[in-house]
Structure formats: structure tokens, C-alpha cells
>>> print(open('structure_6.tsv').read())   # TSV, C-alpha atoms
chain	number	residue	atom	x	y	z
A	73	MET	CA	3.48	-0.45	-11.67
A	74	THR	CA	7.14	-0.40	-10.80
A	75	ASN	CA	9.09	-3.61	-10.32
A	76	ASP	CA	10.87	-2.59	-7.12
A	77	ILE	CA	7.92	-3.49	-4.88
A	78	GLN	CA	5.97	-6.70	-5.35
A	79	SER	CA	2.38	-5.73	-6.16
A	80	THR	CA	0.55	-8.94	-5.20
A	81	PHE	CA	0.30	-11.30	-2.25
A	82	THR	CA	-0.76	-14.95	-2.30
A	83	PHE	CA	-2.62	-16.28	0.72
A	84	LEU	CA	-1.98	-19.71	2.16
A	85	ASN	CA	-4.93	-21.17	0.23
A	86	GLY	CA	-3.48	-19.96	-3.08
A	87	ARG	CA	-5.69	-16.89	-3.55
A	88	THR	CA	-3.74	-13.91	-4.93
A	89	VAL	CA	-4.74	-10.28	-4.38
A	90	ASN	CA	-3.25	-6.89	-5.10
A	91	ARG	CA	-1.49	-5.63	-1.99
A	92	ASN	CA	-2.96	-2.15	-2.40
A	93	GLY	CA	-6.61	-2.65	-1.45
A	94	TYR	CA	-9.54	-0.58	-0.24
A	95	GLY	CA	-11.05	-0.26	3.23
A	96	ALA	CA	-14.75	0.48	2.78
A	97	MET	CA	-15.61	1.59	6.34
A	98	ARG	CA	-16.12	5.24	5.34
A	99	LEU	CA	-18.99	4.26	3.05
A	100	THR	CA	-21.36	4.44	6.02
A	101	GLY	CA	-23.23	7.25	7.74
A	102	GLN	CA	-20.97	10.01	8.98
A	103	PRO	CA	-19.87	10.92	11.54
A	104	GLY	CA	-19.31	7.73	13.49
A	105	ASN	CA	-19.63	5.16	10.67
A	106	PHE	CA	-23.25	4.56	11.69
A	107	GLY	CA	-26.17	4.00	9.34
A	108	PRO	CA	-26.24	3.86	5.54
A	109	TYR	CA	-23.94	5.99	3.41
A	110	GLU	CA	-25.79	9.17	2.47
A	111	ASP	CA	-24.63	9.20	-1.16
A	112	TRP	CA	-25.38	5.55	-1.87
A	113	GLY	CA	-25.06	5.94	-5.63
A	114	GLY	CA	-21.75	7.74	-5.21
A	115	GLY	CA	-20.48	4.93	-2.99
A	116	VAL	CA	-21.49	2.34	-5.58
A	117	ALA	CA	-19.65	4.34	-8.26
A	118	LEU	CA	-16.53	4.57	-6.09
A	119	LEU	CA	-16.43	0.82	-5.47
A	120	ARG	CA	-16.85	0.13	-9.18
A	121	ARG	CA	-14.06	2.58	-9.94
A	122	ALA	CA	-11.86	0.72	-7.46
A	123	ARG	CA	-12.46	-2.47	-9.42
A	124	GLU	CA	-11.61	-0.66	-12.67
A	125	LEU	CA	-8.32	0.48	-11.11
A	126	GLY	CA	-7.35	-3.11	-10.33
A	127	ILE	CA	-8.14	-2.94	-6.61
A	128	ASN	CA	-9.51	-6.40	-5.91
A	129	HIS	CA	-9.19	-6.63	-2.10
A	130	ILE	CA	-12.14	-4.92	-0.38
A	131	ASP	CA	-12.28	-4.84	3.41
A	132	THR	CA	-15.51	-4.40	5.37
A	133	ALA	CA	-17.18	-5.54	8.61
A	134	ARG	CA	-20.64	-6.42	9.82
A	135	ALA	CA	-20.32	-3.60	12.38
A	136	TYR	CA	-19.91	-0.88	9.75
A	137	GLY	CA	-23.38	0.60	9.63
A	138	PRO	CA	-24.03	-2.02	11.00
A	139	HIS	CA	-24.86	-4.16	7.96
A	140	ASP	CA	-25.02	-1.22	5.54
A	141	ASN	CA	-21.38	-1.32	4.45
A	142	GLU	CA	-21.56	-4.96	3.45
A	143	LYS	CA	-24.80	-4.22	1.61
A	144	ILE	CA	-23.38	-1.35	-0.45
A	145	ILE	CA	-20.49	-3.61	-1.47
A	146	ALA	CA	-22.99	-6.22	-2.62
A	147	ASP	CA	-24.97	-3.58	-4.49
A	148	ALA	CA	-21.85	-2.33	-6.26
A	149	LEU	CA	-19.82	-5.43	-7.00
A	150	ARG	CA	-22.12	-8.45	-7.39
A	151	ASP	CA	-23.13	-9.16	-10.98
A	152	GLU	CA	-26.53	-10.29	-12.21
A	153	ASN	CA	-25.60	-13.88	-11.35
A	154	GLY	CA	-24.66	-12.96	-7.78
A	155	SER	CA	-20.92	-13.32	-8.37
A	156	TYR	CA	-18.12	-10.99	-7.30
A	157	GLY	CA	-15.88	-12.32	-10.03
A	158	ASP	CA	-12.23	-11.87	-9.12
A	159	MET	CA	-12.97	-9.52	-6.23
A	160	PHE	CA	-11.72	-10.63	-2.82
A	161	ILE	CA	-14.04	-9.63	0.03
A	162	ALA	CA	-12.92	-9.66	3.65
A	163	SER	CA	-15.29	-8.99	6.54
A	164	LYS	CA	-15.30	-9.22	10.33
A	165	GLY	CA	-17.54	-10.17	13.25
A	166	GLY	CA	-17.63	-9.73	16.99
A	167	VAL	CA	-18.34	-6.00	17.27
A	168	GLU	CA	-21.77	-4.43	17.83
A	169	LYS	CA	-22.39	-0.83	16.76
A	170	THR	CA	-25.39	1.22	17.83
A	171	ARG	CA	-26.17	4.91	17.75
A	172	ASP	CA	-24.84	5.08	21.32
A	173	GLY	CA	-21.46	3.50	20.65
A	174	ILE	CA	-19.54	0.28	20.20
A	175	THR	CA	-19.49	-2.92	22.23
A	176	ARG	CA	-17.63	-6.15	21.66
A	177	ASP	CA	-19.10	-9.65	21.90
A	178	THR	CA	-16.93	-12.44	20.56
A	179	SER	CA	-18.75	-15.36	22.16
A	180	ALA	CA	-19.12	-18.43	19.97
A	181	ALA	CA	-22.85	-17.85	19.49
A	182	THR	CA	-22.35	-14.24	18.41
A	183	MET	CA	-19.48	-15.06	16.07
A	184	ALA	CA	-21.60	-17.73	14.38
A	185	ARG	CA	-24.52	-15.31	14.05
A	186	HIS	CA	-22.36	-12.55	12.67
A	187	VAL	CA	-20.92	-14.85	10.00
A	188	ASP	CA	-24.44	-15.76	8.89
A	189	GLU	CA	-25.52	-12.11	8.85
A	190	SER	CA	-22.45	-11.13	6.82
A	191	LEU	CA	-23.20	-13.90	4.33
A	192	SER	CA	-26.72	-12.51	3.93
A	193	ASN	CA	-25.58	-8.89	3.67
A	194	LEU	CA	-22.94	-9.71	1.06
A	195	GLY	CA	-25.24	-12.10	-0.79
A	196	VAL	CA	-22.74	-14.96	-0.94
A	197	ASP	CA	-22.47	-18.58	0.16
A	198	GLN	CA	-18.84	-18.15	1.23
A	199	ILE	CA	-16.80	-15.14	2.37
A	200	ASP	CA	-13.19	-15.07	1.21
A	201	LEU	CA	-11.73	-13.98	4.57
A	202	TYR	CA	-13.46	-13.44	7.91
A	203	TYR	CA	-11.81	-11.85	10.93
A	204	LEU	CA	-12.34	-11.84	14.62
A	205	HIS	CA	-12.86	-8.05	14.64
A	206	ALA	CA	-11.43	-7.46	18.12
A	207	PRO	CA	-11.27	-9.63	21.27
A	208	ASP	CA	-13.92	-8.58	23.79
A	209	GLY	CA	-11.71	-8.94	26.86
A	210	HIS	CA	-13.58	-11.77	28.54
A	211	THR	CA	-14.26	-14.40	25.85
A	212	SER	CA	-11.17	-16.46	25.10
A	213	VAL	CA	-9.65	-16.16	21.65
A	214	THR	CA	-9.88	-19.94	21.55
A	215	GLU	CA	-13.68	-19.83	21.83
A	216	SER	CA	-14.03	-17.13	19.17
A	217	ILE	CA	-11.71	-18.82	16.67
A	218	THR	CA	-13.31	-22.21	17.27
A	219	ALA	CA	-16.59	-20.69	16.09
A	220	LEU	CA	-14.89	-19.32	12.98
A	221	GLU	CA	-13.21	-22.66	12.34
A	222	ASP	CA	-16.61	-24.33	12.52
A	223	ALA	CA	-17.82	-21.83	9.93
A	224	ARG	CA	-14.78	-22.53	7.75
A	225	LYS	CA	-15.35	-26.28	7.92
A	226	ALA	CA	-18.99	-25.68	6.98
A	227	GLY	CA	-17.84	-23.78	3.89
A	228	LYS	CA	-19.19	-20.42	5.04
A	229	ILE	CA	-15.78	-18.73	5.04
A	230	ALA	CA	-12.67	-19.65	3.08
A	231	MET	CA	-10.04	-18.26	5.48
A	232	ILE	CA	-9.82	-16.94	9.04
A	233	GLY	CA	-8.17	-13.74	10.21
A	234	VAL	CA	-7.67	-11.94	13.51
A	235	SER	CA	-7.75	-8.18	14.02
A	236	ASN	CA	-6.68	-5.75	16.74
A	237	VAL	CA	-4.69	-8.45	18.50
A	238	SER	CA	-1.44	-8.97	20.36
A	239	ARG	CA	1.26	-11.49	19.49
A	240	ALA	CA	0.03	-13.74	22.30
A	241	GLN	CA	-3.53	-13.64	20.95
A	242	ILE	CA	-2.30	-14.50	17.45
A	243	GLU	CA	-0.43	-17.49	18.84
A	244	GLU	CA	-3.53	-18.62	20.75
A	245	ALA	CA	-5.62	-18.40	17.58
A	246	MET	CA	-3.05	-20.44	15.66
A	247	GLN	CA	-3.47	-23.28	18.12
A	248	VAL	CA	-7.11	-23.57	17.06
A	249	ALA	CA	-7.15	-23.03	13.29
A	250	PRO	CA	-5.07	-21.90	10.31
A	251	ILE	CA	-4.77	-18.10	10.43
A	252	ALA	CA	-4.40	-16.44	7.04
A	253	ALA	CA	-4.20	-12.76	8.01
A	254	VAL	CA	-3.64	-10.40	10.91
A	255	GLN	CA	-5.22	-6.95	10.62
A	256	ASN	CA	-3.82	-4.34	13.01
A	257	ARG	CA	-3.33	-0.61	12.82
A	258	TYR	CA	0.05	0.12	11.26
A	259	SER	CA	1.00	3.50	9.85
A	260	PRO	CA	4.21	5.49	9.35
A	261	THR	CA	2.55	8.25	11.36
A	262	ASP	CA	2.24	6.13	14.50
A	263	ALA	CA	4.87	5.62	17.18
A	264	ARG	CA	7.10	2.65	16.47
A	265	ASP	CA	5.81	-0.54	18.10
A	266	GLU	CA	8.65	-3.02	18.51
A	267	GLU	CA	6.31	-5.96	19.11
A	268	MET	CA	4.44	-5.18	15.91
A	269	GLU	CA	7.68	-4.86	13.94
A	270	ALA	CA	8.85	-8.28	15.16
A	271	THR	CA	5.40	-9.78	14.55
A	272	ILE	CA	5.40	-8.63	10.92
A	273	ASP	CA	8.65	-10.49	10.27
A	274	TRP	CA	7.48	-13.56	12.21
A	275	LEU	CA	4.27	-13.72	10.16
A	276	ASP	CA	6.14	-13.15	6.91
A	277	ASN	CA	8.22	-16.25	7.60
A	278	GLN	CA	4.97	-18.22	7.79
A	279	GLY	CA	3.34	-16.74	4.71
A	280	ILE	CA	0.67	-14.93	6.74
A	281	ALA	CA	-0.62	-11.55	5.61
A	282	VAL	CA	-0.41	-8.43	7.74
A	283	VAL	CA	-3.24	-6.10	6.71
A	284	SER	CA	-2.62	-2.52	7.76
A	285	HIS	CA	-5.70	-0.56	8.68
A	286	GLY	CA	-5.34	3.18	9.12
A	287	PRO	CA	-2.24	3.19	6.89
A	288	LEU	CA	-2.49	6.94	6.28
A	289	GLY	CA	-2.85	7.82	9.94
A	290	ALA	CA	-6.55	8.70	9.96
A	291	HIS	CA	-8.60	8.40	13.15
A	292	PRO	CA	-11.04	5.46	12.80
A	293	MET	CA	-14.02	7.68	13.64
A	294	LYS	CA	-12.90	10.78	11.75
A	295	GLN	CA	-12.09	11.42	8.12
A	296	GLY	CA	-8.78	12.86	7.00
A	297	ALA	CA	-5.38	11.28	6.36
A	298	THR	CA	-2.38	12.72	8.15
A	299	ALA	CA	0.28	11.17	5.88
A	300	ASP	CA	1.22	11.75	2.27
A	301	PRO	CA	-0.60	8.86	0.54
A	302	LYS	CA	2.03	7.88	-2.00
A	303	LYS	CA	4.95	8.07	0.41
A	304	ALA	CA	3.14	6.27	3.23
A	305	LEU	CA	1.73	3.46	1.10
A	306	ARG	CA	5.02	2.87	-0.71
A	307	ARG	CA	6.85	2.79	2.61
A	308	LEU	CA	4.46	0.22	4.05
A	309	LEU	CA	4.48	-1.98	0.95
A	310	ALA	CA	8.28	-1.83	0.83
A	311	ARG	CA	8.57	-2.78	4.50
A	312	SER	CA	7.71	-6.46	3.99
A	313	PRO	CA	6.13	-8.48	1.15
A	314	ASN	CA	3.37	-9.79	3.44
A	315	ILE	CA	1.99	-6.31	4.22
A	316	LEU	CA	-1.30	-5.36	2.54
A	317	VAL	CA	-2.80	-1.89	2.84
A	318	ILE	CA	-6.48	-0.90	2.81
A	319	PRO	CA	-6.66	2.91	2.71
A	320	GLY	CA	-10.21	4.22	2.80
A	321	THR	CA	-11.72	7.26	1.14
A	322	THR	CA	-15.06	8.63	0.00
A	323	THR	CA	-13.78	10.42	-3.12
A	324	ILE	CA	-12.79	8.93	-6.44
A	325	ALA	CA	-9.94	11.44	-6.75
A	326	HIS	CA	-8.35	10.20	-3.52
A	327	LEU	CA	-9.06	6.60	-4.49
A	328	GLU	CA	-7.17	7.11	-7.74
A	329	GLU	CA	-4.31	8.79	-5.87
A	330	ASN	CA	-4.05	5.88	-3.45
A	331	ALA	CA	-4.25	3.31	-6.23
A	332	ALA	CA	-1.34	4.96	-8.01
A	333	ALA	CA	1.01	4.66	-5.03
A	334	LEU	CA	3.22	2.12	-6.80
A	335	ASP	CA	3.23	3.88	-10.16
A	336	SER	CA	6.56	5.33	-11.26
>>> encode(input="structure_6.tsv", output="C-alpha cells")
Amino acid sequence: MTNDIQSTFTFLNGRTVNRNGYGAMRLTGQPGNFGPYEDWGGGVALLRRARELGINHIDTARAYGPHDNEKIIADALRDENGSYGDMFIASKGGVEKTRDGITRDTSAATMARHVDESLSNLGVDQIDLYYLHAPDGHTSVTESITALEDARKAGKIAMIGVSNVSRAQIEEAMQVAPIAAVQNRYSPTDARDEEMEATIDWLDNQGIAVVSHGPLGAHPMKQGATADPKKALRRLLARSPNILVIPGTTTIAHLEENAAALDS
């Protein structure tokens, strides 16, 4: 990798990951990210190739499938002793997916249940990073994050993140528990969001990661990037040292292209 862009990020708890990660959402039934991935063996091979390429930050969610995405990650990356080794797995709770669509429920009871289900799907005793997937619009962020903080204190998750949130919601979450990462959509193809730009710098000053989903401009329910992968990923990673990217793909060729974004 080149030396002009820092290739790793260290979270507040000391865990270091490569900033160029992988978003696994597409390894579910298509269209709509519902049900198990049709080419399960191919998905396992892709995830193992990601590990070979040095991608050690894998992003998933209980809602992807639901359950199936976390399960394919476990199938691919856990060894015979049940360990993920140096892989860093991030997941999310608070969203329900059915064949008919998506609903949000971030009540304390649901957040606690989703954490337990993610633990079972991933086959671990502790998840490296667990996000509030998206506020539901009627449950307070305080209630949702309190449930995640209870899970953190119980050792079920190592760090807490928030996703699809405003600056005000981030600040509310910070009043409840340490927040390690904020995952929002952020792509060079999107219209400039001044609040997001200011929030990135504010979080950088506090050592908090900004994880960019949809970094190549793809629609969350449709496949197909709209940006040049190397240019877009380099631009995002050069923007601020706290930005992490998690481009998703279902082909090893595209995975290798994305992984090489920082190569000279």
C-alpha cells in the first residue's frame, strides 16, 4: 500500500482494523437482501478471499436475510475452534426484515433480543462492534443505547455504534455510553451534506470512527456501483483518518479491485 493514506484505524478500546473493509449485505437472497444467499459456497469463498487480501473488518446485520448473512460469515470465517482470529466483525440490531418489507423496532427488549440472536448466528460469546441499526422514530435513542450498554457491560459486545443517525442523535447516544463508531451513508456520488462533513471532523477529534456505507454510490436494495471504485475509495480514505469504508460485492474480481484501492 502507499504511504500517503493511513491504512489502519485504531478504535477507542485499542482494536486496530484496516480502513478498507467489506460490507457483506449482498451475500443474501437477491433482490431485496432477503433470504439466504443462493450461491452459499461462492459467498464463503468470497469472504475467505477477503481475509486473504487483508480485509479484516466485516460488516453485517441481523436484518440481512434476516439471520442468513451473519450465518454465512460464521460458516466462512470461524475456525474449527470457533474463533474468528484477527477478523473484526461488526453487526447491528433494531431492524426487522420480512418478505413484505422492512420495519424498525429499537425498543430495549428488541435490542437485547437482537444482540442475543446475533451472538447465536455468528457463533461467538462477544461481538466486536454492535450498532443501533437505525432509530425507529418513536423509541428514544437513550432507551436503545441503554440496552446496548447493558449488553456491553455483560460482555456480549465489545463496543457500541450508531447507524443512520443525525448529529443530535449521536450526541444523545454519547450521553448514555461510549460510542466507538458512527455508520452513515457517505459517498462521493451523493450531494454534499454540510452536517455530515462537520460531524466527520467532530468525531475525528474524539477518535471515533465514521464507517461509510454505500461508498460507491450503490442503492441499498439494488446491485451496481455508480462510482469508480479506486477513485471513490481513495477519496473517502483521504478525506479524514477516521473514515472506514465497507464496499460490498458478490464477485471476487470486484472484491480484489476494491481491496487494491490504496495500491500504487
>>> residues_around(input="structure_6.tsv", residues="segment 124-129 of chain A", least_positions_apart="3", cutoff="6 Å", atoms="only C-alpha atoms", output="list of chain:residue names")
A:Gly93, A:Arg121, A:Met159, A:Phe160
>>> residues_around(input="structure_6.tsv", residues="Leu204 of chain A", least_positions_apart="6", cutoff="10 Å", atoms="all atoms listed in the file", output="PDB file with C-alpha atoms, keeping the file's coordinate frame")
ATOM      1  CA  ALA A 133     -17.180  -5.540   8.610  1.00  0.00           C
ATOM      2  CA  SER A 163     -15.290  -8.990   6.540  1.00  0.00           C
ATOM      3  CA  LYS A 164     -15.300  -9.220  10.330  1.00  0.00           C
ATOM      4  CA  GLY A 165     -17.540 -10.170  13.250  1.00  0.00           C
ATOM      5  CA  GLY A 166     -17.630  -9.730  16.990  1.00  0.00           C
ATOM      6  CA  VAL A 167     -18.340  -6.000  17.270  1.00  0.00           C
ATOM      7  CA  THR A 178     -16.930 -12.440  20.560  1.00  0.00           C
ATOM      8  CA  MET A 183     -19.480 -15.060  16.070  1.00  0.00           C
ATOM      9  CA  VAL A 213      -9.650 -16.160  21.650  1.00  0.00           C
ATOM     10  CA  SER A 216     -14.030 -17.130  19.170  1.00  0.00           C
ATOM     11  CA  ILE A 217     -11.710 -18.820  16.670  1.00  0.00           C
ATOM     12  CA  ALA A 219     -16.590 -20.690  16.090  1.00  0.00           C
ATOM     13  CA  LEU A 220     -14.890 -19.320  12.980  1.00  0.00           C
ATOM     14  CA  ILE A 232      -9.820 -16.940   9.040  1.00  0.00           C
ATOM     15  CA  GLY A 233      -8.170 -13.740  10.210  1.00  0.00           C
ATOM     16  CA  VAL A 234      -7.670 -11.940  13.510  1.00  0.00           C
ATOM     17  CA  SER A 235      -7.750  -8.180  14.020  1.00  0.00           C
ATOM     18  CA  ASN A 236      -6.680  -5.750  16.740  1.00  0.00           C
ATOM     19  CA  VAL A 237      -4.690  -8.450  18.500  1.00  0.00           C
ATOM     20  CA  ALA A 245      -5.620 -18.400  17.580  1.00  0.00           C
ATOM     21  CA  VAL A 254      -3.640 -10.400  10.910  1.00  0.00           C
ATOM     22  CA  GLN A 255      -5.220  -6.950  10.620  1.00  0.00           C
TER      23      GLN A 255
END
>>> atom_distance(input="structure_6.tsv", atom1="atom CA of Gly209 of chain A", atom2="atom CA of Tyr258 of chain A")
21.5 Å
>>> residues_around(input="structure_6.tsv", residues="segment 319-327 of chain A", least_positions_apart="5", cutoff="10 Å", atoms="only C-alpha atoms", output="PDB file with C-alpha atoms, in the frame of the given file")
ATOM      1  CA  ASN A  92      -2.960  -2.150  -2.400  1.00  0.00           C
ATOM      2  CA  GLY A  93      -6.610  -2.650  -1.450  1.00  0.00           C
ATOM      3  CA  TYR A  94      -9.540  -0.580  -0.240  1.00  0.00           C
ATOM      4  CA  GLY A  95     -11.050  -0.260   3.230  1.00  0.00           C
ATOM      5  CA  ALA A  96     -14.750   0.480   2.780  1.00  0.00           C
ATOM      6  CA  MET A  97     -15.610   1.590   6.340  1.00  0.00           C
ATOM      7  CA  ARG A  98     -16.120   5.240   5.340  1.00  0.00           C
ATOM      8  CA  LEU A  99     -18.990   4.260   3.050  1.00  0.00           C
ATOM      9  CA  THR A 100     -21.360   4.440   6.020  1.00  0.00           C
ATOM     10  CA  TYR A 109     -23.940   5.990   3.410  1.00  0.00           C
ATOM     11  CA  ASP A 111     -24.630   9.200  -1.160  1.00  0.00           C
ATOM     12  CA  GLY A 114     -21.750   7.740  -5.210  1.00  0.00           C
ATOM     13  CA  GLY A 115     -20.480   4.930  -2.990  1.00  0.00           C
ATOM     14  CA  ALA A 117     -19.650   4.340  -8.260  1.00  0.00           C
ATOM     15  CA  LEU A 118     -16.530   4.570  -6.090  1.00  0.00           C
ATOM     16  CA  LEU A 119     -16.430   0.820  -5.470  1.00  0.00           C
ATOM     17  CA  ARG A 121     -14.060   2.580  -9.940  1.00  0.00           C
ATOM     18  CA  ALA A 122     -11.860   0.720  -7.460  1.00  0.00           C
ATOM     19  CA  LEU A 125      -8.320   0.480 -11.110  1.00  0.00           C
ATOM     20  CA  ILE A 127      -8.140  -2.940  -6.610  1.00  0.00           C
ATOM     21  CA  ILE A 130     -12.140  -4.920  -0.380  1.00  0.00           C
ATOM     22  CA  ASP A 131     -12.280  -4.840   3.410  1.00  0.00           C
ATOM     23  CA  SER A 284      -2.620  -2.520   7.760  1.00  0.00           C
ATOM     24  CA  HIS A 285      -5.700  -0.560   8.680  1.00  0.00           C
ATOM     25  CA  GLY A 286      -5.340   3.180   9.120  1.00  0.00           C
ATOM     26  CA  PRO A 287      -2.240   3.190   6.890  1.00  0.00           C
ATOM     27  CA  LEU A 288      -2.490   6.940   6.280  1.00  0.00           C
ATOM     28  CA  GLY A 289      -2.850   7.820   9.940  1.00  0.00           C
ATOM     29  CA  ALA A 290      -6.550   8.700   9.960  1.00  0.00           C
ATOM     30  CA  GLN A 295     -12.090  11.420   8.120  1.00  0.00           C
ATOM     31  CA  GLY A 296      -8.780  12.860   7.000  1.00  0.00           C
ATOM     32  CA  ALA A 297      -5.380  11.280   6.360  1.00  0.00           C
ATOM     33  CA  PRO A 301      -0.600   8.860   0.540  1.00  0.00           C
ATOM     34  CA  LEU A 305       1.730   3.460   1.100  1.00  0.00           C
ATOM     35  CA  ALA A 332      -1.340   4.960  -8.010  1.00  0.00           C
TER      36      ALA A 332
END
>>> closest_residue(input="structure_6.tsv", among="A:Asp262, A:Leu149, A:Gly157, A:Glu142", to="Thr298 of chain A", atoms="all atoms listed in the file")
A:Asp262
